[in-house]
>>> print(open('target18.cif').read())   # mmCIF, C-alpha atoms and all ligand atoms
data_query
#
loop_
_atom_site.group_PDB
_atom_site.id
_atom_site.type_symbol
_atom_site.label_atom_id
_atom_site.label_comp_id
_atom_site.auth_asym_id
_atom_site.auth_seq_id
_atom_site.Cartn_x
_atom_site.Cartn_y
_atom_site.Cartn_z
ATOM 1 C CA MET U 1001 -27.135 -26.038 -71.115
ATOM 2 C CA SER U 1002 -24.224 -23.742 -71.873
ATOM 3 C CA CYS U 1003 -22.082 -22.103 -69.239
ATOM 4 C CA ARG U 1004 -21.425 -18.465 -70.075
ATOM 5 C CA VAL U 1005 -18.970 -16.145 -68.379
ATOM 6 C CA THR U 1006 -20.801 -12.859 -68.221
ATOM 7 C CA SER U 1007 -19.129 -9.468 -68.410
ATOM 8 C CA SER U 1008 -20.126 -8.662 -64.816
ATOM 9 C CA ARG U 1009 -18.406 -11.891 -63.701
ATOM 10 C CA ILE U 1010 -15.249 -10.859 -65.573
ATOM 11 C CA LEU U 1011 -15.402 -7.484 -63.855
ATOM 12 C CA GLN U 1012 -15.703 -9.189 -60.449
ATOM 13 C CA LEU U 1013 -12.713 -11.404 -61.190
ATOM 14 C CA SER U 1014 -10.575 -8.560 -62.440
ATOM 15 C CA ARG U 1015 -11.388 -6.544 -59.303
ATOM 16 C CA ALA U 1016 -10.287 -9.466 -57.149
ATOM 17 C CA PHE U 1017 -6.954 -9.632 -58.959
ATOM 18 C CA THR U 1018 -6.376 -5.881 -58.842
ATOM 19 C CA VAL U 1019 -6.317 -6.194 -55.052
ATOM 20 C CA SER U 1020 -3.604 -8.834 -55.016
ATOM 21 C CA LEU U 1021 -1.352 -7.442 -57.769
ATOM 22 C CA LYS U 1022 0.318 -4.713 -55.733
ATOM 23 C CA PRO U 1023 3.632 -3.325 -56.977
ATOM 24 C CA PRO U 1024 6.728 -4.325 -54.921
ATOM 25 C CA ALA U 1025 7.075 -0.835 -53.386
ATOM 26 C CA GLN U 1026 3.724 -1.225 -51.639
ATOM 27 C CA ARG U 1027 4.551 -4.723 -50.460
ATOM 28 C CA ARG U 1028 7.539 -3.424 -48.490
ATOM 29 C CA SER U 1029 5.239 -1.559 -46.101
ATOM 30 C CA LEU U 1030 3.475 -4.717 -44.936
ATOM 31 C CA SER U 1031 3.119 -5.022 -41.174
ATOM 32 C CA SER U 1032 5.356 -7.308 -39.111
ATOM 33 C CA LEU U 1033 2.346 -8.224 -36.968
ATOM 34 C CA PRO U 1034 -0.004 -11.008 -38.026
ATOM 35 C CA LEU U 1035 -3.519 -10.519 -39.249
ATOM 36 C CA ALA U 1036 -6.029 -11.572 -36.567
ATOM 37 C CA ILE U 1037 -9.641 -12.531 -37.240
ATOM 38 C CA LYS U 1038 -12.258 -12.401 -34.507
ATOM 39 C CA PRO U 1039 -15.141 -14.677 -35.524
ATOM 40 C CA SER U 1040 -18.609 -13.308 -34.747
ATOM 41 C CA ALA U 1041 -20.931 -14.930 -32.175
ATOM 42 C CA ASP U 1042 -22.913 -16.340 -35.106
ATOM 43 C CA GLU U 1043 -19.796 -17.893 -36.683
ATOM 44 C CA ILE U 1044 -18.862 -19.435 -33.323
ATOM 45 C CA ALA U 1045 -22.416 -20.748 -32.772
ATOM 46 C CA LYS U 1046 -22.501 -22.268 -36.266
ATOM 47 C CA ALA U 1047 -18.877 -23.428 -35.961
ATOM 48 C CA THR U 1048 -18.339 -22.010 -39.446
ATOM 49 C CA LEU U 1049 -16.405 -18.988 -40.653
ATOM 50 C CA SER U 1050 -18.228 -16.707 -43.075
ATOM 51 C CA TRP U 1051 -16.978 -16.706 -46.666
ATOM 52 C CA LYS U 1052 -15.581 -13.238 -45.994
ATOM 53 C CA ASN U 1053 -13.488 -14.331 -43.000
ATOM 54 C CA LEU U 1054 -12.440 -17.517 -44.779
ATOM 55 C CA GLN U 1055 -11.218 -15.410 -47.670
ATOM 56 C CA ILE U 1056 -9.310 -13.084 -45.311
ATOM 57 C CA ALA U 1057 -7.677 -16.057 -43.552
ATOM 58 C CA THR U 1058 -6.797 -17.803 -46.821
ATOM 59 C CA ARG U 1059 -5.274 -14.681 -48.333
ATOM 60 C CA ALA U 1060 -3.302 -13.936 -45.142
ATOM 61 C CA LEU U 1061 -1.834 -17.430 -45.204
ATOM 62 C CA HIS U 1062 -0.773 -17.040 -48.817
ATOM 63 C CA ARG U 1063 0.645 -13.530 -48.279
ATOM 64 C CA ASP U 1064 2.101 -13.758 -44.746
ATOM 65 C CA GLY U 1065 2.344 -17.476 -44.091
ATOM 66 C CA LEU U 1066 0.422 -17.011 -40.817
ATOM 67 C CA VAL U 1067 -2.987 -15.950 -39.514
ATOM 68 C CA VAL U 1068 -4.606 -15.826 -36.054
ATOM 69 C CA LEU U 1069 -8.199 -16.777 -35.204
ATOM 70 C CA GLU U 1070 -9.091 -15.135 -31.887
ATOM 71 C CA ASP U 1071 -11.562 -16.409 -29.248
ATOM 72 C CA ALA U 1072 -11.891 -19.683 -31.150
ATOM 73 C CA ILE U 1073 -11.575 -22.079 -28.185
ATOM 74 C CA GLU U 1074 -13.337 -22.016 -24.849
ATOM 75 C CA THR U 1075 -10.583 -21.478 -22.279
ATOM 76 C CA THR U 1076 -11.638 -23.830 -19.431
ATOM 77 C CA ILE U 1077 -10.474 -26.896 -21.330
ATOM 78 C CA LEU U 1078 -7.185 -25.132 -22.148
ATOM 79 C CA ASP U 1079 -6.633 -24.385 -18.444
ATOM 80 C CA ARG U 1080 -7.087 -28.035 -17.493
ATOM 81 C CA LEU U 1081 -4.712 -29.241 -20.175
ATOM 82 C CA ASN U 1082 -2.223 -26.549 -19.189
ATOM 83 C CA SER U 1083 -2.084 -27.695 -15.535
ATOM 84 C CA LYS U 1084 -1.235 -31.232 -16.626
ATOM 85 C CA MET U 1085 1.301 -30.201 -19.268
ATOM 86 C CA VAL U 1086 3.092 -27.723 -16.986
ATOM 87 C CA ALA U 1087 3.546 -30.543 -14.448
ATOM 88 C CA ASP U 1088 4.711 -32.940 -17.187
ATOM 89 C CA ALA U 1089 7.188 -30.332 -18.469
ATOM 90 C CA GLU U 1090 9.022 -30.407 -15.119
ATOM 91 C CA ILE U 1091 9.410 -34.177 -15.377
ATOM 92 C CA LEU U 1092 10.686 -33.926 -18.942
ATOM 93 C CA ARG U 1093 13.104 -31.144 -18.039
ATOM 94 C CA SER U 1094 14.552 -33.213 -15.197
ATOM 95 C CA ALA U 1095 15.961 -35.611 -17.826
ATOM 96 C CA GLY U 1096 18.568 -32.916 -18.605
ATOM 97 C CA GLU U 1097 20.675 -33.814 -21.632
ATOM 98 C CA ASN U 1098 18.189 -36.607 -22.425
ATOM 99 C CA SER U 1099 15.156 -34.304 -22.350
ATOM 100 C CA PRO U 1100 13.397 -33.684 -25.683
ATOM 101 C CA TYR U 1101 14.733 -30.144 -26.239
ATOM 102 C CA ASN U 1102 15.018 -28.131 -29.453
ATOM 103 C CA TYR U 1103 18.216 -26.054 -29.777
ATOM 104 C CA ASN U 1104 18.176 -24.928 -26.088
ATOM 105 C CA LYS U 1105 17.221 -26.819 -22.930
ATOM 106 C CA GLY U 1106 14.565 -24.186 -22.217
ATOM 107 C CA ASN U 1107 12.610 -25.160 -25.353
ATOM 108 C CA LEU U 1108 10.997 -28.555 -24.829
ATOM 109 C CA GLN U 1109 9.219 -30.575 -27.477
ATOM 110 C CA GLN U 1110 6.267 -31.862 -25.487
ATOM 111 C CA ASP U 1111 3.312 -33.948 -26.650
ATOM 112 C CA PRO U 1112 -0.067 -33.358 -24.994
ATOM 113 C CA PRO U 1113 -1.411 -36.397 -23.125
ATOM 114 C CA LEU U 1114 -4.221 -37.875 -25.228
ATOM 115 C CA MET U 1115 -6.377 -38.718 -22.201
ATOM 116 C CA LYS U 1116 -10.145 -38.809 -22.498
ATOM 117 C CA GLN U 1117 -10.602 -36.311 -19.630
ATOM 118 C CA LEU U 1118 -8.339 -33.780 -21.359
ATOM 119 C CA PHE U 1119 -9.469 -34.370 -24.924
ATOM 120 C CA SER U 1120 -11.649 -31.823 -26.661
ATOM 121 C CA PRO U 1121 -12.602 -31.705 -30.344
ATOM 122 C CA SER U 1122 -12.470 -27.903 -30.059
ATOM 123 C CA ILE U 1123 -8.691 -28.296 -29.639
ATOM 124 C CA TYR U 1124 -7.694 -31.165 -31.918
ATOM 125 C CA LEU U 1125 -10.472 -30.968 -34.503
ATOM 126 C CA ASN U 1126 -11.406 -27.327 -34.250
ATOM 127 C CA PRO U 1127 -13.981 -26.666 -36.984
ATOM 128 C CA LEU U 1128 -12.807 -23.109 -37.721
ATOM 129 C CA ALA U 1129 -9.162 -24.170 -37.996
ATOM 130 C CA ARG U 1130 -10.149 -27.158 -40.153
ATOM 131 C CA GLN U 1131 -12.079 -24.879 -42.492
ATOM 132 C CA VAL U 1132 -8.963 -22.754 -43.051
ATOM 133 C CA VAL U 1133 -6.710 -25.814 -43.353
ATOM 134 C CA HIS U 1134 -9.037 -27.299 -45.960
ATOM 135 C CA SER U 1135 -9.211 -24.013 -47.827
ATOM 136 C CA VAL U 1136 -5.415 -23.846 -48.146
ATOM 137 C CA LEU U 1137 -4.382 -27.508 -48.304
ATOM 138 C CA GLY U 1138 -7.459 -29.114 -49.842
ATOM 139 C CA PRO U 1139 -10.276 -31.135 -48.303
ATOM 140 C CA GLN U 1140 -8.312 -34.356 -47.803
ATOM 141 C CA SER U 1141 -5.544 -32.774 -45.735
ATOM 142 C CA ARG U 1142 -4.712 -34.758 -42.631
ATOM 143 C CA LEU U 1143 -3.539 -34.115 -39.084
ATOM 144 C CA ALA U 1144 -0.358 -36.184 -38.896
ATOM 145 C CA PHE U 1145 1.598 -34.777 -35.938
ATOM 146 C CA ILE U 1146 0.335 -33.850 -32.463
ATOM 147 C CA SER U 1147 2.877 -32.214 -30.194
ATOM 148 C CA GLY U 1148 3.721 -28.960 -28.434
ATOM 149 C CA ASN U 1149 6.502 -26.530 -27.554
ATOM 150 C CA SER U 1150 7.131 -25.460 -23.980
ATOM 151 C CA ALA U 1151 9.188 -22.363 -23.203
ATOM 152 C CA MET U 1152 10.588 -22.970 -19.735
ATOM 153 C CA PRO U 1153 11.634 -20.393 -17.158
ATOM 154 C CA PRO U 1154 13.913 -19.339 -15.646
ATOM 155 C CA THR U 1155 15.870 -17.801 -18.474
ATOM 156 C CA PRO U 1156 19.396 -16.606 -17.804
ATOM 157 C CA GLU U 1157 19.749 -12.913 -18.743
ATOM 158 C CA SER U 1158 22.856 -13.752 -20.650
ATOM 159 C CA PRO U 1159 23.445 -15.404 -22.952
ATOM 160 C CA PRO U 1160 19.842 -15.087 -24.150
ATOM 161 C CA GLN U 1161 18.156 -18.418 -24.798
ATOM 162 C CA SER U 1162 16.698 -17.619 -28.208
ATOM 163 C CA GLN U 1163 16.443 -20.398 -30.715
ATOM 164 C CA PRO U 1164 18.177 -19.734 -34.016
ATOM 165 C CA VAL U 1165 15.704 -18.491 -36.624
ATOM 166 C CA HIS U 1166 14.670 -21.618 -38.490
ATOM 167 C CA SER U 1167 12.092 -23.272 -40.688
ATOM 168 C CA ASP U 1168 10.399 -26.449 -39.481
ATOM 169 C CA ALA U 1169 10.346 -27.561 -43.135
ATOM 170 C CA ASP U 1170 13.987 -28.664 -42.853
ATOM 171 C CA PHE U 1171 13.737 -31.054 -45.802
ATOM 172 C CA ASN U 1172 13.172 -30.778 -49.539
ATOM 173 C CA HIS U 1173 9.654 -29.481 -49.987
ATOM 174 C CA PRO U 1174 7.325 -28.072 -52.641
ATOM 175 C CA ASP U 1175 7.267 -24.308 -53.396
ATOM 176 C CA CYS U 1176 3.622 -24.015 -52.412
ATOM 177 C CA PRO U 1177 1.647 -24.526 -49.204
ATOM 178 C CA PHE U 1178 1.867 -28.244 -48.360
ATOM 179 C CA ALA U 1179 1.704 -28.258 -44.548
ATOM 180 C CA LEU U 1180 0.189 -26.010 -41.890
ATOM 181 C CA VAL U 1181 0.957 -25.941 -38.181
ATOM 182 C CA VAL U 1182 -2.035 -25.230 -35.976
ATOM 183 C CA ASN U 1183 -0.500 -23.640 -32.872
ATOM 184 C CA ILE U 1184 -2.692 -23.357 -29.786
ATOM 185 C CA PRO U 1185 -1.205 -21.438 -26.850
ATOM 186 C CA LEU U 1186 -2.521 -22.679 -23.487
ATOM 187 C CA VAL U 1187 -1.896 -19.275 -21.870
ATOM 188 C CA ASP U 1188 -1.725 -15.685 -23.159
ATOM 189 C CA MET U 1189 1.516 -15.370 -25.125
ATOM 190 C CA THR U 1190 3.544 -12.199 -24.815
ATOM 191 C CA PRO U 1191 7.159 -11.173 -25.450
ATOM 192 C CA GLU U 1192 7.664 -11.602 -21.687
ATOM 193 C CA ASN U 1193 6.757 -15.294 -21.568
ATOM 194 C CA GLY U 1194 8.341 -16.211 -24.900
ATOM 195 C CA SER U 1195 5.832 -15.545 -27.650
ATOM 196 C CA THR U 1196 7.264 -17.106 -30.821
ATOM 197 C CA GLU U 1197 9.202 -14.709 -33.048
ATOM 198 C CA ILE U 1198 7.727 -14.799 -36.556
ATOM 199 C CA TRP U 1199 9.088 -13.579 -39.893
ATOM 200 C CA LEU U 1200 5.979 -12.933 -41.970
ATOM 201 C CA GLY U 1201 6.179 -13.586 -45.685
ATOM 202 C CA THR U 1202 9.243 -15.838 -45.510
ATOM 203 C CA HIS U 1203 7.312 -19.023 -46.310
ATOM 204 C CA SER U 1204 7.675 -18.243 -49.997
ATOM 205 C CA LEU U 1205 11.471 -17.779 -49.636
ATOM 206 C CA SER U 1206 11.858 -21.156 -47.985
ATOM 207 C CA ASN U 1207 14.446 -23.405 -49.568
ATOM 208 C CA VAL U 1208 16.326 -26.213 -47.904
ATOM 209 C CA ASN U 1209 19.579 -25.035 -49.556
ATOM 210 C CA ALA U 1210 19.410 -21.775 -47.572
ATOM 211 C CA GLN U 1211 19.311 -23.705 -44.288
ATOM 212 C CA GLU U 1212 22.058 -25.002 -42.032
ATOM 213 C CA GLY U 1213 21.802 -28.264 -40.124
ATOM 214 C CA ALA U 1214 20.399 -31.406 -41.708
ATOM 215 C CA HIS U 1215 16.973 -32.935 -41.092
ATOM 216 C CA GLY U 1216 17.165 -35.167 -38.012
ATOM 217 C CA GLU U 1217 19.920 -33.118 -36.294
ATOM 218 C CA ARG U 1218 18.905 -31.241 -33.155
ATOM 219 C CA ALA U 1219 19.786 -27.844 -34.651
ATOM 220 C CA SER U 1220 18.406 -28.337 -38.156
ATOM 221 C CA GLY U 1221 16.678 -25.834 -40.449
ATOM 222 C CA ARG U 1222 18.677 -22.749 -39.340
ATOM 223 C CA ILE U 1223 18.366 -19.843 -41.747
ATOM 224 C CA ASN U 1224 21.607 -18.421 -43.090
ATOM 225 C CA VAL U 1225 22.447 -15.171 -41.204
ATOM 226 C CA ASN U 1226 23.043 -13.126 -44.363
ATOM 227 C CA LEU U 1227 19.538 -13.942 -45.545
ATOM 228 C CA LEU U 1228 18.180 -12.929 -42.147
ATOM 229 C CA GLU U 1229 19.832 -9.512 -42.292
ATOM 230 C CA ASP U 1230 18.482 -8.862 -45.810
ATOM 231 C CA ARG U 1231 15.022 -9.891 -44.734
ATOM 232 C CA ARG U 1232 15.140 -7.812 -41.522
ATOM 233 C CA ARG U 1233 15.545 -4.669 -43.672
ATOM 234 C CA GLU U 1234 12.562 -5.594 -45.821
ATOM 235 C CA ARG U 1235 10.067 -6.899 -43.259
ATOM 236 C CA PRO U 1236 11.421 -7.253 -39.703
ATOM 237 C CA PRO U 1237 10.221 -10.010 -37.365
ATOM 238 C CA SER U 1238 7.812 -9.569 -34.453
ATOM 239 C CA GLN U 1239 6.829 -11.292 -31.238
ATOM 240 C CA PRO U 1240 3.055 -10.786 -31.215
ATOM 241 C CA VAL U 1241 0.783 -10.888 -28.193
ATOM 242 C CA VAL U 1242 -1.626 -13.802 -28.732
ATOM 243 C CA LYS U 1243 -4.517 -14.257 -26.323
ATOM 244 C CA LYS U 1244 -5.438 -17.606 -24.790
ATOM 245 C CA GLY U 1245 -8.323 -19.082 -26.814
ATOM 246 C CA SER U 1246 -6.661 -18.124 -30.094
ATOM 247 C CA ILE U 1247 -5.545 -20.456 -32.841
ATOM 248 C CA ILE U 1248 -2.490 -19.604 -34.911
ATOM 249 C CA LEU U 1249 -2.209 -21.181 -38.357
ATOM 250 C CA ARG U 1250 1.344 -21.117 -39.720
ATOM 251 C CA ASP U 1251 2.770 -22.346 -43.005
ATOM 252 C CA LEU U 1252 5.344 -24.985 -42.023
ATOM 253 C CA ARG U 1253 7.937 -23.207 -44.194
ATOM 254 C CA LEU U 1254 7.763 -19.887 -42.296
ATOM 255 C CA TRP U 1255 10.929 -18.676 -40.554
ATOM 256 C CA HIS U 1256 10.448 -18.364 -36.787
ATOM 257 C CA ALA U 1257 12.263 -18.785 -33.448
ATOM 258 C CA GLY U 1258 11.424 -19.803 -29.891
ATOM 259 C CA LYS U 1259 12.272 -16.945 -27.507
ATOM 260 C CA PRO U 1260 13.298 -16.755 -23.839
ATOM 261 C CA ASN U 1261 10.611 -16.965 -21.180
ATOM 262 C CA PHE U 1262 11.264 -14.169 -18.656
ATOM 263 C CA SER U 1263 8.084 -14.838 -16.659
ATOM 264 C CA SER U 1264 7.857 -17.324 -13.801
ATOM 265 C CA ASP U 1265 5.367 -19.678 -15.543
ATOM 266 C CA THR U 1266 5.966 -22.291 -18.214
ATOM 267 C CA ARG U 1267 4.443 -21.322 -21.573
ATOM 268 C CA VAL U 1268 2.966 -24.307 -23.423
ATOM 269 C CA MET U 1269 1.819 -24.052 -27.044
ATOM 270 C CA LEU U 1270 0.351 -27.043 -28.897
ATOM 271 C CA ALA U 1271 1.572 -27.767 -32.416
ATOM 272 C CA LEU U 1272 -0.731 -29.814 -34.649
ATOM 273 C CA ILE U 1273 0.734 -30.327 -38.107
ATOM 274 C CA HIS U 1274 -1.581 -30.889 -41.071
ATOM 275 C CA PHE U 1275 -0.341 -32.067 -44.474
ATOM 276 C CA ALA U 1276 -2.040 -31.775 -47.860
ATOM 277 C CA GLY U 1277 -3.608 -35.064 -48.939
ATOM 278 C CA TRP U 1278 -1.417 -35.090 -52.054
ATOM 279 C CA TYR U 1279 1.830 -34.599 -50.117
ATOM 280 C CA GLN U 1280 3.781 -37.875 -50.059
HETATM 281 O O1 LIG S 1 8.271 -22.513 -28.579
HETATM 282 C C1 LIG S 1 8.228 -21.756 -29.536
HETATM 283 O O2 LIG S 1 7.769 -20.618 -29.451
HETATM 284 C C2 LIG S 1 8.722 -22.204 -30.878
HETATM 285 C C3 LIG S 1 9.513 -23.479 -30.797
HETATM 286 C C4 LIG S 1 9.990 -23.949 -32.130
HETATM 287 O O3 LIG S 1 9.832 -23.290 -33.120
HETATM 288 C C5 LIG S 1 10.660 -25.241 -32.249
HETATM 289 O O4 LIG S 1 11.040 -25.832 -31.229
HETATM 290 O O5 LIG S 1 10.836 -25.697 -33.411
HETATM 291 FE FE FE S 2 10.210 -24.390 -34.953
#
>>> encode(input="target18.cif", output="C-alpha cells", more="lines below")
Ligand SMILES: O=C(O)CCC(=O)C(=O)O
Ligand SMILES: [Fe+2]
Amino acid sequence: MSCRVTSSRILQLSRAFTVSLKPPAQRRSLSSLPLAIKPSADEIAKATLSWKNLQIATRALHRDGLVVLEDAIETTILDRLNSKMVADAEILRSAGENSPYNYNKGNLQQDPPLMKQLFSPSIYLNPLARQVVHSVLGPQSRLAFISGNSAMPPTPESPPQSQPVHSDADFNHPDCPFALVVNIPLVDMTPENGSTEIWLGTHSLSNVNAQEGAHGERASGRINVNLLEDRRRERPPSQPVVKKGSIILRDLRLWHAGKPNFSSDTRVMLALIHFAGWYQ
C-alpha cells in the first residue's frame, strides 16, 4: 500500500504554517498576559483536552513559554493542602537565616507534605496537565521535582521584596523545551498577594551566559539588567490574576520573579518540574 500526500493535505499543512510565520512587526504586539484555556465540562468529565485545546496549549507554550488551564482542579483538596502548608510555612520561616528561602526571606522554597490524606492525583498527576506535558516534552517525560514557593507576608513597603528576574534553568541547557514547571496556586493569585511576574516569550532567549550567579548559589540565574530593559520595551512583563483551581505550565527557561505579598495571607504555589525523557 502506498502512502500518498494529497494536494488537500498539502493545503492544510501550508495553512497551518501561514498562521505561525508572522513577520516580526506583528510579533511585537503580543500580549503580556498569558493565554488561558477553560476546558469544557465534557473535557473535564473525560479528563482529556480536545485536540483543539491541546493544540492551543502546545502552541502557547512554544510561543510564550507559558499557558494556563483554568478550573482544572477541584478546589476542596487545594484548600486542605493549603491549611497544612500555610502552617508549615510559619515553622520554616522561624528558622530565619537557616530557612529555605530564595533570594529574599519572604520567598520560601517549600515542599508539600506527601501524606495520604492530602494526596490527590488531580494535583500531582493531573491528566490535563500531563497531556500538555507529553505533547511538548514527549510521552516519556517524568515528574522529577515536587516542591512549592510560598510568598510570605508581611512585606515591608520599602525596600520592595521582589526577587531579581531570573530563569530557573540556571545551568547549561538545550535551546528547545526540555523541562516544564507545573505551577498550582493553592489560593487565587493576584498582584496583591504576590502573583509571579512573568516575561512571556523569553524562554527562547534563555542562555546561561546571560545570567548572573552560578547554579547552586542562593541568588543564581539572575538575568542581566541590560537584557531586561531591552526586553521590557519589546514585550513587558505582567503579574496575571490566576484563579484557584488553575494549572500554570511554564517552560523552565522562562524569565520570571517572585513578587511581594501585600495581603495578610501566605500565598502557596506548588511547583512540579517535569523533564523530557531524553534529557540527561
Ligand atoms: O513565588 C513565586 O511566585 C516565584 C518564586 C520563584 O520563582 C523562585 O523562588 O524561584
Ligand atoms: Fe524561580
>>> closest_atom_pairs(input="target18.cif", of="chain U", to="ligand FE 2 (chain S)", cutoff="12 Å", atoms="all atoms listed in the file", output="JSON lines")
{"residue": "U:Tyr1101", "atom": "CA", "partner": "S:FE2", "partner_atom": "FE", "distance": 11.4}
{"residue": "U:Asn1102", "atom": "CA", "partner": "S:FE2", "partner_atom": "FE", "distance": 8.2}
{"residue": "U:Tyr1103", "atom": "CA", "partner": "S:FE2", "partner_atom": "FE", "distance": 9.7}
{"residue": "U:Asn1104", "atom": "CA", "partner": "S:FE2", "partner_atom": "FE", "distance": 11.9}
{"residue": "U:Asn1107", "atom": "CA", "partner": "S:FE2", "partner_atom": "FE", "distance": 9.9}
{"residue": "U:Leu1108", "atom": "CA", "partner": "S:FE2", "partner_atom": "FE", "distance": 11.0}
{"residue": "U:Gln1109", "atom": "CA", "partner": "S:FE2", "partner_atom": "FE", "distance": 9.8}
{"residue": "U:Ser1147", "atom": "CA", "partner": "S:FE2", "partner_atom": "FE", "distance": 11.7}
{"residue": "U:Gly1148", "atom": "CA", "partner": "S:FE2", "partner_atom": "FE", "distance": 10.3}
{"residue": "U:Asn1149", "atom": "CA", "partner": "S:FE2", "partner_atom": "FE", "distance": 8.5}
{"residue": "U:Ser1150", "atom": "CA", "partner": "S:FE2", "partner_atom": "FE", "distance": 11.4}
{"residue": "U:Ala1151", "atom": "CA", "partner": "S:FE2", "partner_atom": "FE", "distance": 12.0}
{"residue": "U:Ser1162", "atom": "CA", "partner": "S:FE2", "partner_atom": "FE", "distance": 11.6}
{"residue": "U:Gln1163", "atom": "CA", "partner": "S:FE2", "partner_atom": "FE", "distance": 8.5}
{"residue": "U:Pro1164", "atom": "CA", "partner": "S:FE2", "partner_atom": "FE", "distance": 9.3}
{"residue": "U:Val1165", "atom": "CA", "partner": "S:FE2", "partner_atom": "FE", "distance": 8.2}
{"residue": "U:His1166", "atom": "CA", "partner": "S:FE2", "partner_atom": "FE", "distance": 6.3}
{"residue": "U:Ser1167", "atom": "CA", "partner": "S:FE2", "partner_atom": "FE", "distance": 6.1}
{"residue": "U:Asp1168", "atom": "CA", "partner": "S:FE2", "partner_atom": "FE", "distance": 5.0}
{"residue": "U:Ala1169", "atom": "CA", "partner": "S:FE2", "partner_atom": "FE", "distance": 8.8}
{"residue": "U:Asp1170", "atom": "CA", "partner": "S:FE2", "partner_atom": "FE", "distance": 9.7}
{"residue": "U:Val1181", "atom": "CA", "partner": "S:FE2", "partner_atom": "FE", "distance": 9.9}
{"residue": "U:Asn1183", "atom": "CA", "partner": "S:FE2", "partner_atom": "FE", "distance": 10.9}
{"residue": "U:Thr1196", "atom": "CA", "partner": "S:FE2", "partner_atom": "FE", "distance": 8.9}
{"residue": "U:Glu1197", "atom": "CA", "partner": "S:FE2", "partner_atom": "FE", "distance": 9.9}
{"residue": "U:Ile1198", "atom": "CA", "partner": "S:FE2", "partner_atom": "FE", "distance": 10.0}
{"residue": "U:Trp1199", "atom": "CA", "partner": "S:FE2", "partner_atom": "FE", "distance": 11.9}
{"residue": "U:Arg1218", "atom": "CA", "partner": "S:FE2", "partner_atom": "FE", "distance": 11.2}
{"residue": "U:Ala1219", "atom": "CA", "partner": "S:FE2", "partner_atom": "FE", "distance": 10.2}
{"residue": "U:Ser1220", "atom": "CA", "partner": "S:FE2", "partner_atom": "FE", "distance": 9.6}
{"residue": "U:Gly1221", "atom": "CA", "partner": "S:FE2", "partner_atom": "FE", "distance": 8.6}
{"residue": "U:Arg1222", "atom": "CA", "partner": "S:FE2", "partner_atom": "FE", "distance": 9.7}
{"residue": "U:Ile1223", "atom": "CA", "partner": "S:FE2", "partner_atom": "FE", "distance": 11.5}
{"residue": "U:Arg1250", "atom": "CA", "partner": "S:FE2", "partner_atom": "FE", "distance": 10.6}
{"residue": "U:Asp1251", "atom": "CA", "partner": "S:FE2", "partner_atom": "FE", "distance": 11.2}
{"residue": "U:Leu1252", "atom": "CA", "partner": "S:FE2", "partner_atom": "FE", "distance": 8.6}
{"residue": "U:Arg1253", "atom": "CA", "partner": "S:FE2", "partner_atom": "FE", "distance": 9.6}
{"residue": "U:Leu1254", "atom": "CA", "partner": "S:FE2", "partner_atom": "FE", "distance": 9.0}
{"residue": "U:Trp1255", "atom": "CA", "partner": "S:FE2", "partner_atom": "FE", "distance": 8.0}
{"residue": "U:His1256", "atom": "CA", "partner": "S:FE2", "partner_atom": "FE", "distance": 6.3}
{"residue": "U:Ala1257", "atom": "CA", "partner": "S:FE2", "partner_atom": "FE", "distance": 6.2}
{"residue": "U:Gly1258", "atom": "CA", "partner": "S:FE2", "partner_atom": "FE", "distance": 6.9}
{"residue": "U:Lys1259", "atom": "CA", "partner": "S:FE2", "partner_atom": "FE", "distance": 10.7}
{"residue": "U:Met1269", "atom": "CA", "partner": "S:FE2", "partner_atom": "FE", "distance": 11.5}
{"residue": "U:Leu1270", "atom": "CA", "partner": "S:FE2", "partner_atom": "FE", "distance": 11.9}
{"residue": "U:Ala1271", "atom": "CA", "partner": "S:FE2", "partner_atom": "FE", "distance": 9.6}
{"residue": "U:Ile1273", "atom": "CA", "partner": "S:FE2", "partner_atom": "FE", "distance": 11.6}
>>> resolve_selection(input="target18.cif", expression="the PyMOL selection byres (((chain U and resi 1193) around 6) and not hetatm)", output="JSON, numbers by chain")
{"U": [1190, 1191, 1192, 1194, 1261, 1262, 1263]}
>>> resolve_selection(input="target18.cif", expression="the PyMOL selection byres (((chain U and resi 1124) around 10) and not hetatm)", output="VMD selection string")
chain U and resid 1119 to 1123 1125 to 1127 1129 to 1130 1143 1146 1182 1184 1270 to 1272
>>> resolve_selection(input="target18.cif", expression="the PyMOL selection byres (((chain U and resi 1244-1249) around 7) and not hetatm)", output="PDB file with C-alpha atoms, in the coordinates of the input")
ATOM      1  CA  LEU U1066       0.422 -17.011 -40.817  1.00  0.00           C
ATOM      2  CA  VAL U1067      -2.987 -15.950 -39.514  1.00  0.00           C
ATOM      3  CA  VAL U1068      -4.606 -15.826 -36.054  1.00  0.00           C
ATOM      4  CA  LEU U1069      -8.199 -16.777 -35.204  1.00  0.00           C
ATOM      5  CA  GLU U1070      -9.091 -15.135 -31.887  1.00  0.00           C
ATOM      6  CA  ASP U1071     -11.562 -16.409 -29.248  1.00  0.00           C
ATOM      7  CA  ALA U1072     -11.891 -19.683 -31.150  1.00  0.00           C
ATOM      8  CA  ILE U1073     -11.575 -22.079 -28.185  1.00  0.00           C
ATOM      9  CA  GLU U1074     -13.337 -22.016 -24.849  1.00  0.00           C
ATOM     10  CA  THR U1075     -10.583 -21.478 -22.279  1.00  0.00           C
ATOM     11  CA  LEU U1180       0.189 -26.010 -41.890  1.00  0.00           C
ATOM     12  CA  VAL U1181       0.957 -25.941 -38.181  1.00  0.00           C
ATOM     13  CA  VAL U1182      -2.035 -25.230 -35.976  1.00  0.00           C
ATOM     14  CA  ASN U1183      -0.500 -23.640 -32.872  1.00  0.00           C
ATOM     15  CA  ILE U1184      -2.692 -23.357 -29.786  1.00  0.00           C
ATOM     16  CA  PRO U1185      -1.205 -21.438 -26.850  1.00  0.00           C
ATOM     17  CA  LEU U1186      -2.521 -22.679 -23.487  1.00  0.00           C
ATOM     18  CA  VAL U1187      -1.896 -19.275 -21.870  1.00  0.00           C
ATOM     19  CA  ASP U1188      -1.725 -15.685 -23.159  1.00  0.00           C
ATOM     20  CA  VAL U1242      -1.626 -13.802 -28.732  1.00  0.00           C
ATOM     21  CA  LYS U1243      -4.517 -14.257 -26.323  1.00  0.00           C
ATOM     22  CA  ARG U1250       1.344 -21.117 -39.720  1.00  0.00           C
ATOM     23  CA  ASP U1251       2.770 -22.346 -43.005  1.00  0.00           C
TER      24      ASP U1251
END
